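Raw upload23.cif, mmCIF, C-alpha atoms and all ligand atoms:
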```cif
data_coords
loop_
_atom_site.label_atom_id
_atom_site.label_comp_id
_atom_site.auth_asym_id
_atom_site.auth_seq_id
_atom_site.Cartn_x
_atom_site.Cartn_y
_atom_site.Cartn_z
CA MET A 753 9.60 -50.79 -16.01
CA PRO A 754 9.73 -49.53 -19.64
CA GLN A 755 13.14 -49.85 -21.27
CA ASP A 756 14.16 -47.43 -23.95
CA ASP A 757 16.56 -49.33 -26.10
CA VAL A 758 16.85 -53.11 -26.24
CA GLU A 759 17.81 -55.62 -28.92
CA LEU A 760 15.23 -58.26 -29.78
CA GLU A 761 15.35 -61.41 -31.95
CA ILE A 762 11.99 -62.02 -33.60
CA THR A 763 11.08 -65.69 -33.60
CA ASN A 764 7.43 -65.96 -34.60
CA VAL A 765 4.24 -64.24 -35.74
CA ALA A 766 1.35 -63.74 -33.29
CA HIS A 767 -2.24 -62.76 -33.96
CA GLY A 768 -3.11 -59.07 -34.23
CA GLY A 769 -0.27 -57.77 -36.45
CA VAL A 770 2.48 -58.32 -33.88
CA PHE A 771 5.51 -60.58 -33.71
CA VAL A 772 7.10 -62.54 -30.90
CA ALA A 773 10.42 -61.97 -29.16
CA ARG A 774 11.72 -62.87 -25.69
CA PHE A 775 13.23 -60.46 -23.23
CA ASP A 776 14.07 -61.03 -19.60
CA GLY A 777 12.35 -64.42 -19.71
CA ARG A 778 9.10 -62.95 -21.02
CA VAL A 779 7.25 -62.94 -24.30
CA VAL A 780 7.32 -59.51 -25.94
CA PHE A 781 4.89 -58.55 -28.72
CA VAL A 782 6.25 -56.08 -31.23
CA PRO A 783 4.90 -54.70 -34.55
CA ASP A 784 6.70 -53.47 -37.72
CA THR A 785 9.10 -56.43 -37.85
CA MET A 786 8.85 -60.14 -38.78
CA PRO A 787 10.34 -63.54 -37.88
CA GLY A 788 14.05 -63.81 -38.62
CA GLU A 789 14.84 -60.16 -37.82
CA ARG A 790 16.96 -58.54 -35.16
CA ILE A 791 15.71 -55.11 -34.16
CA ARG A 792 16.23 -52.25 -31.77
CA ALA A 793 13.08 -51.73 -29.75
CA ARG A 794 11.58 -49.82 -26.87
CA ILE A 795 9.58 -51.78 -24.31
CA THR A 796 6.41 -49.74 -23.92
CA ASP A 797 4.05 -51.80 -21.79
CA THR A 798 5.03 -53.95 -18.82
CA THR A 799 1.63 -54.02 -17.15
CA HIS A 800 0.83 -57.65 -18.02
CA ASP A 801 2.39 -60.55 -16.13
CA ARG A 802 2.58 -62.92 -19.09
CA PHE A 803 3.74 -60.61 -21.87
CA TRP A 804 5.12 -57.18 -22.51
CA ARG A 805 4.73 -54.92 -25.55
CA ALA A 806 7.42 -53.09 -27.47
CA GLU A 807 7.76 -50.86 -30.50
CA THR A 808 10.34 -51.22 -33.25
CA LEU A 809 12.85 -48.36 -33.37
CA SER A 810 15.02 -49.69 -36.19
CA VAL A 811 15.93 -52.91 -37.95
CA ILE A 812 19.44 -54.29 -37.31
CA ASP A 813 19.22 -57.47 -39.43
CA ALA A 814 16.36 -57.50 -41.94
CA ALA A 815 14.61 -60.71 -43.01
CA PRO A 816 14.92 -61.54 -46.73
CA GLU A 817 11.16 -61.04 -47.08
CA ARG A 818 11.31 -57.38 -45.97
CA GLN A 819 10.41 -54.76 -48.61
CA ALA A 820 10.22 -50.96 -48.57
CA HIS A 821 6.85 -50.27 -46.92
CA LEU A 822 4.05 -50.10 -49.47
CA TRP A 823 2.79 -46.97 -47.67
CA PRO A 824 5.63 -44.59 -46.74
CA ALA A 825 3.34 -43.01 -44.09
CA ALA A 826 3.43 -46.33 -42.21
CA SER A 827 7.14 -47.07 -42.60
CA VAL A 828 9.44 -48.07 -39.74
CA GLU A 829 11.54 -45.05 -40.71
CA LYS A 830 8.86 -42.80 -39.16
CA PRO A 831 8.79 -42.38 -35.37
CA PRO A 832 6.40 -45.03 -33.92
CA SER A 833 3.77 -42.49 -32.84
CA LYS A 834 3.64 -41.06 -36.39
CA ARG A 835 3.35 -44.36 -38.31
CA ALA A 836 -0.05 -44.65 -40.02
CA GLY A 837 -2.01 -47.67 -38.76
CA GLY A 838 -3.99 -50.04 -40.94
CA ALA A 839 -1.18 -51.43 -43.12
CA GLU A 840 0.78 -53.35 -40.53
CA PHE A 841 2.08 -56.03 -42.94
CA GLY A 842 3.02 -53.55 -45.72
CA HIS A 843 6.75 -54.03 -45.05
CA ILE A 844 6.49 -57.76 -45.85
CA ARG A 845 6.44 -59.27 -49.35
CA LEU A 846 2.88 -60.26 -50.27
CA ASP A 847 3.61 -64.00 -50.66
CA HIS A 848 5.24 -64.04 -47.22
CA GLN A 849 2.32 -62.09 -45.67
CA ARG A 850 0.10 -64.96 -46.80
CA GLU A 851 2.53 -67.51 -45.36
CA LEU A 852 2.43 -65.69 -41.99
CA LYS A 853 -1.39 -65.56 -42.08
CA ARG A 854 -1.41 -69.30 -42.81
CA ARG A 855 0.75 -69.90 -39.72
CA VAL A 856 -1.59 -67.82 -37.53
CA ILE A 857 -4.64 -69.87 -38.63
CA VAL A 858 -2.88 -73.25 -38.34
CA ASP A 859 -1.51 -72.35 -34.91
CA ALA A 860 -4.87 -71.04 -33.59
CA LEU A 861 -6.65 -74.21 -34.74
CA ALA A 862 -4.01 -76.44 -33.15
CA ARG A 863 -3.76 -74.57 -29.85
CA MET A 864 -7.38 -73.64 -29.23
CA ALA A 865 -9.40 -76.29 -31.05
CA LYS A 866 -6.89 -79.20 -31.12
CA ILE A 867 -7.45 -79.35 -34.89
CA ASP A 868 -4.42 -80.35 -36.92
CA ARG A 869 -5.09 -78.83 -40.35
CA ASP A 870 -3.08 -76.97 -42.95
CA VAL A 871 -4.64 -74.31 -45.17
CA THR A 872 -3.63 -72.20 -48.16
CA VAL A 873 -4.31 -68.46 -48.00
CA GLU A 874 -5.74 -67.73 -51.46
CA PRO A 875 -5.56 -64.29 -53.08
CA ALA A 876 -8.95 -62.54 -53.29
CA GLY A 877 -10.86 -63.44 -56.43
CA ALA A 878 -8.49 -66.27 -57.44
CA ALA A 879 -11.41 -68.69 -57.90
CA VAL A 880 -13.85 -66.16 -59.40
CA ALA A 881 -14.24 -66.04 -63.18
CA GLY A 882 -14.23 -62.77 -65.11
CA VAL A 883 -12.80 -60.39 -62.48
CA GLU A 884 -9.69 -58.23 -62.60
CA PRO A 885 -7.26 -60.16 -60.37
CA GLU A 886 -5.62 -58.91 -57.18
CA SER A 887 -2.73 -56.50 -57.82
CA PRO A 888 0.79 -58.03 -57.49
CA ASP A 889 1.60 -55.91 -54.41
CA GLY A 890 -1.83 -56.11 -52.73
CA SER A 891 -2.61 -52.41 -53.23
CA GLY A 892 -5.76 -50.74 -54.62
CA TRP A 893 -8.46 -52.92 -53.01
CA ARG A 894 -10.26 -50.92 -50.30
CA THR A 895 -13.68 -49.73 -51.51
CA ARG A 896 -14.34 -48.11 -48.11
CA VAL A 897 -11.97 -46.25 -45.82
CA ARG A 898 -12.72 -44.69 -42.44
CA LEU A 899 -10.36 -41.82 -41.59
CA GLN A 900 -10.28 -40.27 -38.13
CA VAL A 901 -10.52 -36.52 -37.60
CA ALA A 902 -8.06 -34.74 -35.25
CA PRO A 903 -9.13 -31.79 -33.03
CA ASP A 904 -7.76 -29.35 -35.66
CA GLY A 905 -9.91 -30.97 -38.38
CA ALA A 906 -7.05 -32.79 -40.17
CA PHE A 907 -7.82 -36.43 -40.99
CA GLY A 908 -6.05 -39.73 -41.43
CA PRO A 909 -5.73 -43.13 -39.79
CA PHE A 910 -4.83 -43.52 -36.15
CA ALA A 911 -1.24 -44.51 -35.46
CA SER A 912 -1.33 -48.15 -34.37
CA ARG A 913 -2.42 -48.77 -30.76
CA SER A 914 -3.12 -45.06 -30.28
CA HIS A 915 -5.70 -42.34 -30.86
CA HIS A 916 -3.19 -40.05 -32.49
CA VAL A 917 -4.38 -39.10 -36.00
CA VAL A 918 -1.64 -39.33 -38.65
CA GLU A 919 -2.43 -36.89 -41.46
CA VAL A 920 -1.76 -38.55 -44.83
CA ASP A 921 -1.85 -37.51 -48.46
CA ASP A 922 -2.22 -40.90 -50.10
CA LEU A 923 -4.12 -44.16 -49.56
CA PRO A 924 -2.34 -46.95 -51.47
CA LEU A 925 -4.60 -49.72 -50.13
CA ALA A 926 -7.69 -47.92 -51.46
CA THR A 927 -9.10 -48.35 -54.94
CA GLU A 928 -8.17 -45.64 -57.38
CA ARG A 929 -11.62 -44.06 -57.09
CA VAL A 930 -11.54 -43.98 -53.30
CA ALA A 931 -8.04 -42.49 -53.35
CA GLU A 932 -8.97 -39.79 -55.84
CA SER A 933 -12.21 -38.96 -53.96
CA ALA A 934 -10.44 -38.52 -50.60
CA PRO A 935 -10.52 -34.80 -49.73
CA PHE A 936 -6.80 -34.47 -48.89
CA GLY A 937 -5.88 -31.06 -47.48
CA GLN A 938 -9.44 -30.22 -46.33
CA ARG A 939 -10.35 -29.80 -42.65
CA PHE A 940 -13.38 -31.34 -40.89
CA ALA A 941 -13.35 -29.60 -37.50
CA GLY A 942 -16.04 -30.96 -35.17
CA ALA A 943 -16.38 -34.28 -36.99
CA GLU A 944 -15.33 -37.61 -35.50
CA SER A 945 -14.38 -39.34 -38.73
CA ILE A 946 -15.00 -39.39 -42.45
CA ASP A 947 -15.79 -42.38 -44.65
CA VAL A 948 -14.74 -42.47 -48.28
CA VAL A 949 -16.81 -45.03 -50.17
CA ALA A 950 -16.66 -45.93 -53.87
CA THR A 951 -19.09 -48.64 -54.91
CA THR A 952 -18.74 -51.18 -57.69
CA GLY A 953 -22.00 -49.61 -58.92
CA GLY A 954 -20.01 -46.48 -59.82
CA SER A 955 -20.75 -43.85 -57.17
CA ALA A 956 -18.15 -42.24 -54.84
CA HIS A 957 -19.05 -40.51 -51.59
CA VAL A 958 -17.36 -38.65 -48.75
CA LEU A 959 -19.49 -39.10 -45.61
CA VAL A 960 -18.81 -36.90 -42.61
CA ASN A 961 -19.53 -38.59 -39.26
CA ASP A 962 -20.34 -36.00 -36.61
CA ALA A 963 -18.82 -36.42 -33.18
CA PRO A 964 -21.16 -37.74 -30.47
CA VAL A 965 -22.61 -35.14 -28.11
CA LYS A 966 -22.34 -35.40 -24.29
CA ARG A 967 -25.60 -34.59 -22.41
CA GLY A 968 -24.83 -34.94 -18.73
CA ARG A 969 -23.72 -38.55 -18.32
CA ARG A 970 -25.23 -39.64 -21.62
CA THR A 971 -23.41 -39.78 -24.94
CA ILE A 972 -25.74 -39.19 -27.88
CA ARG A 973 -24.59 -40.55 -31.24
CA PRO A 974 -25.80 -38.35 -34.10
CA ARG A 975 -28.21 -39.89 -36.61
CA HIS A 976 -27.13 -39.55 -40.21
CA ARG A 977 -29.49 -39.39 -43.16
CA PRO A 978 -29.49 -42.71 -44.99
CA MET A 979 -27.90 -42.77 -48.42
CA LEU A 980 -28.73 -45.62 -50.76
CA VAL A 981 -25.89 -47.07 -52.82
CA ARG A 982 -25.62 -50.15 -55.02
CA GLU A 983 -22.99 -52.88 -55.18
CA ARG A 984 -22.60 -55.49 -57.92
CA VAL A 985 -21.56 -59.11 -57.47
CA GLY A 986 -21.44 -60.89 -60.82
CA ASP A 987 -24.82 -60.18 -62.43
CA ARG A 988 -26.55 -59.43 -59.15
CA GLU A 989 -27.09 -56.00 -57.62
CA PHE A 990 -27.42 -55.28 -53.89
CA GLN A 991 -28.76 -52.09 -52.37
CA LEU A 992 -27.49 -50.86 -49.01
CA ASP A 993 -26.87 -47.76 -46.96
CA ALA A 994 -23.54 -46.08 -47.76
CA ARG A 995 -22.57 -46.28 -44.05
CA GLY A 996 -23.82 -49.86 -43.67
CA PHE A 997 -21.71 -53.01 -43.69
CA TRP A 998 -20.38 -54.26 -47.01
CA GLN A 999 -17.30 -56.43 -47.55
CA VAL A 1000 -14.39 -54.03 -48.00
CA HIS A 1001 -12.11 -55.59 -50.63
CA ARG A 1002 -13.35 -54.92 -54.17
CA LEU A 1003 -13.25 -58.72 -54.77
CA ALA A 1004 -14.46 -59.87 -51.32
CA ALA A 1005 -18.18 -60.20 -51.96
CA ALA A 1006 -17.57 -62.31 -55.08
CA THR A 1007 -14.86 -64.34 -53.32
CA LEU A 1008 -17.12 -65.17 -50.35
CA THR A 1009 -20.09 -65.89 -52.63
CA GLU A 1010 -18.01 -68.52 -54.45
CA ALA A 1011 -16.50 -69.82 -51.20
CA VAL A 1012 -19.86 -70.24 -49.43
CA GLN A 1013 -21.48 -71.78 -52.51
CA SER A 1014 -18.73 -74.37 -52.78
CA ALA A 1015 -18.45 -75.00 -49.02
CA VAL A 1016 -22.08 -76.14 -48.76
CA ASP A 1017 -22.32 -79.91 -49.09
CA GLU A 1018 -25.10 -80.49 -51.61
CA ALA A 1019 -25.87 -83.90 -50.14
CA LEU A 1020 -26.66 -82.24 -46.79
CA PHE A 1021 -28.61 -79.31 -48.26
CA ASP A 1022 -32.40 -79.27 -48.12
CA PRO A 1023 -34.00 -76.25 -49.82
CA ARG A 1024 -37.21 -76.72 -47.77
CA ALA A 1025 -35.40 -76.85 -44.41
CA ALA A 1026 -35.26 -73.87 -41.99
CA ASN A 1027 -31.97 -72.57 -43.45
CA LEU A 1028 -30.40 -69.57 -41.73
CA ASP A 1029 -28.05 -66.76 -42.73
CA LEU A 1030 -26.91 -65.41 -39.34
CA TYR A 1031 -25.30 -61.94 -39.15
CA GLY A 1032 -26.73 -61.52 -42.62
CA GLY A 1033 -26.07 -57.82 -43.36
CA VAL A 1034 -27.92 -56.92 -46.56
CA GLY A 1035 -28.32 -60.58 -47.57
CA LEU A 1036 -25.13 -61.24 -49.57
CA LEU A 1037 -24.67 -64.84 -48.40
CA ALA A 1038 -28.38 -65.72 -48.36
CA ALA A 1039 -28.36 -64.66 -52.03
CA ALA A 1040 -25.29 -66.86 -52.62
CA ILE A 1041 -27.32 -69.83 -51.33
CA GLY A 1042 -30.36 -68.76 -53.34
CA ASP A 1043 -28.29 -68.48 -56.51
CA ARG A 1044 -26.76 -71.91 -56.03
CA PHE A 1045 -29.91 -73.82 -55.03
CA GLY A 1046 -32.65 -72.04 -56.95
CA SER A 1047 -35.99 -70.35 -56.55
CA THR A 1048 -37.49 -72.79 -54.01
CA VAL A 1049 -34.86 -72.16 -51.32
CA ARG A 1050 -36.13 -71.24 -47.85
CA ILE A 1051 -33.70 -69.09 -45.89
CA THR A 1052 -34.01 -66.53 -43.08
CA SER A 1053 -31.39 -63.80 -42.86
CA VAL A 1054 -30.92 -62.47 -39.30
CA GLU A 1055 -29.25 -59.15 -38.71
CA GLY A 1056 -29.21 -56.64 -35.83
CA ASP A 1057 -29.24 -53.47 -37.92
CA GLU A 1058 -32.75 -52.58 -39.08
CA THR A 1059 -31.63 -50.50 -42.06
CA ALA A 1060 -29.58 -53.45 -43.33
CA THR A 1061 -32.51 -55.84 -42.88
CA ASP A 1062 -34.78 -53.51 -44.86
CA HIS A 1063 -32.29 -53.61 -47.72
CA ALA A 1064 -31.90 -57.39 -47.31
CA ALA A 1065 -35.66 -57.81 -47.78
CA GLU A 1066 -35.37 -55.98 -51.14
CA ASN A 1067 -32.18 -57.79 -52.16
CA LEU A 1068 -33.78 -61.19 -51.48
CA ALA A 1069 -37.20 -60.34 -52.96
CA GLU A 1070 -36.93 -62.80 -55.86
CA TRP A 1071 -36.83 -65.82 -53.53
CA ILE A 1072 -40.35 -66.35 -52.16
CA GLY A 1073 -38.93 -68.48 -49.34
CA ALA A 1074 -36.34 -65.91 -48.26
CA ASN A 1075 -36.96 -63.35 -45.55
CA ALA A 1076 -34.96 -60.95 -43.38
CA VAL A 1077 -35.44 -60.54 -39.64
CA THR A 1078 -34.11 -57.71 -37.46
CA GLU A 1079 -32.90 -59.24 -34.22
CA ARG A 1080 -29.72 -59.86 -32.30
CA VAL A 1081 -28.48 -63.30 -33.31
CA GLU A 1082 -28.01 -64.45 -29.70
CA ARG A 1083 -31.66 -63.64 -28.90
CA PHE A 1084 -32.91 -65.19 -32.13
CA VAL A 1085 -31.12 -68.53 -31.77
CA THR A 1086 -31.53 -68.93 -28.01
CA GLY A 1087 -35.24 -68.16 -28.45
CA LEU A 1088 -35.53 -70.85 -31.12
CA ALA A 1089 -33.53 -73.37 -29.12
CA ALA A 1090 -35.84 -72.84 -26.15
CA GLU A 1091 -39.19 -72.63 -27.92
CA ALA A 1092 -39.18 -74.39 -31.31
CA SER A 1093 -42.03 -76.87 -31.81
CA PRO A 1094 -41.24 -80.51 -32.76
CA ALA A 1095 -42.11 -79.74 -36.42
CA GLU A 1096 -39.80 -76.69 -36.42
CA ARG A 1097 -37.05 -78.75 -34.77
CA SER A 1098 -37.12 -81.27 -37.58
CA ARG A 1099 -36.85 -78.42 -40.13
CA PHE A 1100 -33.78 -77.12 -38.21
CA ARG A 1101 -32.19 -80.59 -38.13
CA ALA A 1102 -32.26 -80.59 -41.93
CA ALA A 1103 -30.99 -77.00 -42.17
CA THR A 1104 -27.82 -75.34 -43.39
CA VAL A 1105 -26.68 -72.44 -41.22
CA ILE A 1106 -24.43 -69.70 -42.61
CA LEU A 1107 -22.66 -67.89 -39.80
CA ASP A 1108 -20.72 -64.68 -40.52
CA PRO A 1109 -20.16 -62.90 -37.19
CA PRO A 1110 -18.13 -59.76 -36.53
CA ARG A 1111 -14.52 -60.00 -35.25
CA SER A 1112 -15.53 -61.17 -31.79
CA GLY A 1113 -16.95 -64.37 -33.31
CA ALA A 1114 -20.28 -66.04 -32.53
CA GLY A 1115 -19.42 -66.94 -28.93
CA ARG A 1116 -20.52 -69.76 -26.68
CA ALA A 1117 -24.20 -68.81 -26.21
CA VAL A 1118 -24.80 -68.62 -29.99
CA VAL A 1119 -22.85 -71.79 -30.77
CA ASP A 1120 -24.60 -73.72 -27.96
CA ALA A 1121 -28.02 -72.63 -29.23
CA ILE A 1122 -27.18 -73.50 -32.86
CA ALA A 1123 -25.90 -76.92 -31.76
CA GLU A 1124 -29.08 -77.44 -29.75
CA LEU A 1125 -31.03 -76.94 -33.02
CA SER A 1126 -28.68 -79.54 -34.53
CA PRO A 1127 -28.50 -78.32 -38.18
CA ALA A 1128 -27.09 -80.69 -40.82
CA GLN A 1129 -24.22 -78.32 -41.64
CA VAL A 1130 -22.78 -74.96 -40.65
CA VAL A 1131 -20.72 -72.74 -42.94
CA TYR A 1132 -18.72 -70.40 -40.74
CA VAL A 1133 -17.29 -67.27 -42.43
CA ALA A 1134 -14.69 -65.85 -40.05
CA CYS A 1135 -12.70 -62.64 -40.10
CA ASP A 1136 -10.80 -63.54 -36.93
CA PRO A 1137 -8.91 -66.85 -36.74
CA ILE A 1138 -8.75 -66.82 -32.93
CA ALA A 1139 -12.53 -66.38 -32.56
CA LEU A 1140 -13.01 -69.05 -35.25
CA ALA A 1141 -10.77 -71.54 -33.43
CA ARG A 1142 -12.53 -70.87 -30.11
CA ASP A 1143 -15.98 -71.34 -31.71
CA LEU A 1144 -14.86 -74.50 -33.57
CA ALA A 1145 -13.75 -75.92 -30.21
CA THR A 1146 -17.25 -75.20 -28.82
CA PHE A 1147 -18.87 -76.79 -31.89
CA ALA A 1148 -16.58 -79.84 -31.48
CA GLY A 1149 -17.90 -80.26 -27.93
CA HIS A 1150 -21.35 -80.66 -29.51
CA GLY A 1151 -20.15 -83.23 -32.05
CA TYR A 1152 -19.58 -80.92 -35.05
CA GLU A 1153 -16.46 -81.75 -37.05
CA LEU A 1154 -14.52 -79.50 -39.38
CA GLY A 1155 -15.02 -80.42 -43.04
CA SER A 1156 -13.53 -78.14 -45.70
CA LEU A 1157 -11.49 -75.11 -44.68
CA ARG A 1158 -10.29 -72.31 -46.97
CA ALA A 1159 -8.65 -68.99 -46.22
CA PHE A 1160 -8.61 -65.79 -48.25
CA ASP A 1161 -6.37 -62.75 -48.26
CA LEU A 1162 -9.20 -60.20 -48.29
CA PHE A 1163 -7.07 -57.61 -46.45
CA PRO A 1164 -3.64 -57.53 -48.15
CA ASN A 1165 -0.90 -55.56 -46.37
CA THR A 1166 -2.79 -55.83 -43.06
CA HIS A 1167 -2.69 -58.74 -40.61
CA HIS A 1168 -6.35 -59.61 -41.19
CA VAL A 1169 -7.39 -62.81 -42.93
CA GLU A 1170 -10.75 -64.40 -43.73
CA ALA A 1171 -11.56 -68.10 -43.40
CA VAL A 1172 -14.53 -70.20 -44.51
CA ALA A 1173 -15.06 -73.42 -42.58
CA MET A 1174 -17.70 -76.09 -43.16
CA LEU A 1175 -18.85 -78.14 -40.18
CA SER A 1176 -21.17 -81.10 -39.98
CA ARG A 1177 -22.43 -83.47 -37.31
C1 LIG B 1 -19.12 -59.57 -40.91
S1 LIG B 1 -20.64 -58.75 -41.20
C2 LIG B 1 -21.37 -59.88 -42.33
C3 LIG B 1 -22.53 -59.36 -43.13
C4 LIG B 1 -22.95 -60.22 -44.34
N1 LIG B 1 -22.96 -61.63 -44.04
C5 LIG B 1 -22.08 -59.92 -45.53
O1 LIG B 1 -21.23 -60.75 -45.88
O2 LIG B 1 -22.24 -58.86 -46.15
C6 LIG B 1 -21.47 -58.99 -39.70
C7 LIG B 1 -22.87 -58.40 -39.60
O3 LIG B 1 -23.41 -58.78 -38.35
C8 LIG B 1 -24.15 -57.69 -37.80
N2 LIG B 1 -24.12 -57.95 -36.36
C9 LIG B 1 -23.09 -57.76 -35.50
N3 LIG B 1 -23.40 -58.23 -34.28
C10 LIG B 1 -24.66 -58.73 -34.37
C11 LIG B 1 -25.54 -59.38 -33.45
N4 LIG B 1 -25.17 -59.60 -32.20
N5 LIG B 1 -26.73 -59.78 -33.90
C12 LIG B 1 -27.13 -59.54 -35.17
N6 LIG B 1 -26.34 -58.96 -36.09
C13 LIG B 1 -25.13 -58.55 -35.69
C14 LIG B 1 -23.45 -56.46 -38.29
O4 LIG B 1 -24.37 -55.37 -38.34
C15 LIG B 1 -22.98 -56.90 -39.69
O5 LIG B 1 -23.95 -56.58 -40.65
#
```
Hey, can you dump this file as structure tokens for me?
Ligand SMILES: C[S@@+](CC[C@H](N)C(=O)[O-])C[C@H]1O[C@@H](n2cnc3c(N)ncnc32)[C@H](O)[C@@H]1O
Amino acid sequence: MPQDDVELEITNVAHGGVFVARFDGRVVFVPDTMPGERIRARITDTTHDRFWRAETLSVIDAAPERQAHLWPAASVEKPPSKRAGGAEFGHIRLDHQRELKRRVIVDALARMAKIDRDVTVEPAGAAVAGVEPESPDGSGWRTRVRLQVAPDGAFGPFASRSHHVVEVDDLPLATERVAESAPFGQRFAGAESIDVVATTGGSAHVLVNDAPVKRGRRTIRPRHRPMLVRERVGDREFQLDARGFWQVHRLAAATLTEAVQSAVDEALFDPRAANLDLYGGVGLLAAAIGDRFGSTVRITSVEGDETATDHAAENLAEWIGANAVTERVERFVTGLAAEASPAERSRFRAATVILDPPRSGAGRAVVDAIAELSPAQVVYVACDPIALARDLATFAGHGYELGSLRAFDLFPNTHHVEAVAMLSR
């Protein structure tokens, strides 16, 4: 039964931008607070046996690491249903956000993969030469923002855990060019969302995403005309569709390029092996491997989105041994594991596999098939520590051990964190 006003002591951080309290013998997950605080809260969800959910109404005793929210639209001073989502750590000092993200990774590895390993959460770009460093408060980094459109055409982020659009008039996490290109005050009736994109190549775009249309029992997603944009990473340029996937933080592509290049163990790398870049997007990480190991590198980038693969083929054109394949990764790797010839199998045994799945992780079927191909090393780029820990446990069952592990704060003022793990047999 929901309870309107309870006092909670916050004892820990959990995954997903929520914190842990206990009430009535149960774990309660609650956002907008942090460990060490006492808060007034409303229990909002009692449908699960093992945990309940609550929302913070006000802070009774603040932790020393609390700061005024970086984005007033998301502050705890607003009613919970009117707090802008997408900046759920913005009330925590940046150094302490990174400490909490470290704890989430360490805890996930220990609990789910029985791996006892500490890690430092590095600021984006810290190991990249010649870039403008991360801002001291973790603002101004988003090169792409999706804003939801309300029935009256107003736009903004959803409030957290809801589909209520919170109209905003600023975007402090966005880069200056995204923030100044956002069409505040305009209405987009009939649209589902808008994307504001400002590339490192210099162009800024507002893309209107039409709402899907219902035809009987079918939902038809509108097709949007492709729009080519360019992103720069160091001296290299990548082409992609403006709506397609690109790392969001202005320093993320360079950070992950450096991280993947240094995670690969040179002694285990064979340029002539059947190297793979799985979930390859427009070829960013295949290019990172190509740039580190030179013009003779063989690598196949596998990606489910055909438009992205077309761009990947262009972006990787200078490496004769590089190619881009449009296929779902699970189909691609299970097909190989089932059908590869003995000669192909020996090229996979010598291979390096880069694995950069979406939030849900690679999953058992993909990990089993990769392990069946038995590559010399796997570099796993993870945007979800829980999925990473689960997949590392599956890899461990096949005899793959964790080598280097680094973590990066590519999403400051949110709960998200990126990790790069190297595994070998
Ligand atoms: C986290 S992004 C990484 C992209 C690229 N490695 C980069 O850093 O730019 C994941 C990519 O996987 C693609 N993807 C998601 N699920 C997939 C699947 N089951 N099979 C193939 N590609 C998939 C998405 O379209 C997206 O481009």
Requested in this report: Kindly provide, as a ChimeraX atom specification, all nucleotide and amino acid residues lying within 7 Å of ligand LIG 1 (chain B), counting all atoms listed in the file.
Outcome: /A:997-999,1005,1031-1037,1054-1057,1060,1079-1082,1108-1110
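The coordinates place atom CA of Leu980 of chain A at 27.1 Å from atom CA of Ser891 of chain A.
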Query raised in the report: Near Ile1051 of chain A, counting all atoms listed in the file, which residues have an atom at most 8 Å away, once you skip same-chain residues fewer than 2 positions from it, shown as a ChimeraX atom specification?
Result: /A:1026-1029,1038,1049,1053,1073-1075
**Report entry** Close residues, segment 921-933 of chain A itself excluded, 10 Å, only C-alpha atoms, min 3 positions apart in chain, as a PyMOL selection string
**Finding:** chain A and resi 822-825+838-839+842+889-897+907-909+918+936-937+947-951+954-958+1000-1002+1163-1166
Report task. Measuring atom to atom with all atoms listed in the file, identify which of A:Ala934, A:Ala1159, A:Val965, A:Ala1039 is nearest to Arg869 of chain A. Result ->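 Counting all atoms listed in the file, the residue closest to Arg869 of chain A is A:Ala1159.
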Query raised in the report: If we count all atoms listed in the file, what is near Gly986 of chain A at a cut-off of 10 Å, once residues fewer than 6 positions away on the same chain are taken out, given as JSON, numbers by chain?
Result: {"A": [880, 881, 882, 883, 1005, 1006, 1009]}
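Candidate residues A:Val1085, A:Ala1121, A:Leu1003, A:Ala963 were compared for distance to Ser945 of chain A, and the nearest is A:Ala963, using only C-alpha atoms.
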Requested in this report: Mind checking which residues fall within 8 Å of segment 771-777 of chain A, counting only C-alpha atoms, ignoring those fewer than 3 positions away in the same chain, and posting them as a ChimeraX atom specification?
Outcome: /A:760-766,780-783,785-787
Query raised in the report: Which polymer residues have any atom within 9 Å of an atom of segment 800-812 of chain A, counting only C-alpha atoms, with same-chain residues fewer than 6 positions away left out, as a list in words?
Result: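 In the requested format, the answer is Pro754, Asp757, Glu759, Phe775, Arg778, Val779, Val780, Phe781, Val782, Pro783, Asp784, Thr785, Glu789, Arg790, Ile791, Arg792, Ala793, Arg794, Val828, Glu829, Lys830, Pro831 and Pro832 of chain A.
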Report task. Could you please determine the separation between atom CA of Asp1161 of chain A and atom CA of His916 of chain A in Å, to one decimal place? Result ->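 So the answer is 27.8 Å.
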Report summary line: Taken to one decimal, the atom CA of Asp1143 of chain A-atom CA of Ala862 of chain A distance is 13.1 Å
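Distance check against Gly1113 of chain A using only C-alpha atoms: of A:Glu1091, A:Asp1136, A:Glu983, A:Glu944, the minimum falls on A:Asp1136.
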Query raised in the report: Which residue, A:Leu959, A:Leu992, A:Val758, A:Leu1162, has the smallest gap to Ala876 of chain A when you use all atoms listed in the file?
Result: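 Selected residue with least distance to Ala876 of chain A: A:Leu1162.
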**Report entry** Of the listed residues A:Met864, A:Ala1145, A:Ile857, A:Ala878, that which approaches Glu1170 of chain A most closely, counting all atoms listed in the file
**Finding:**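 Answer, going by the shortest atom-to-atom distance: A:Ile857.
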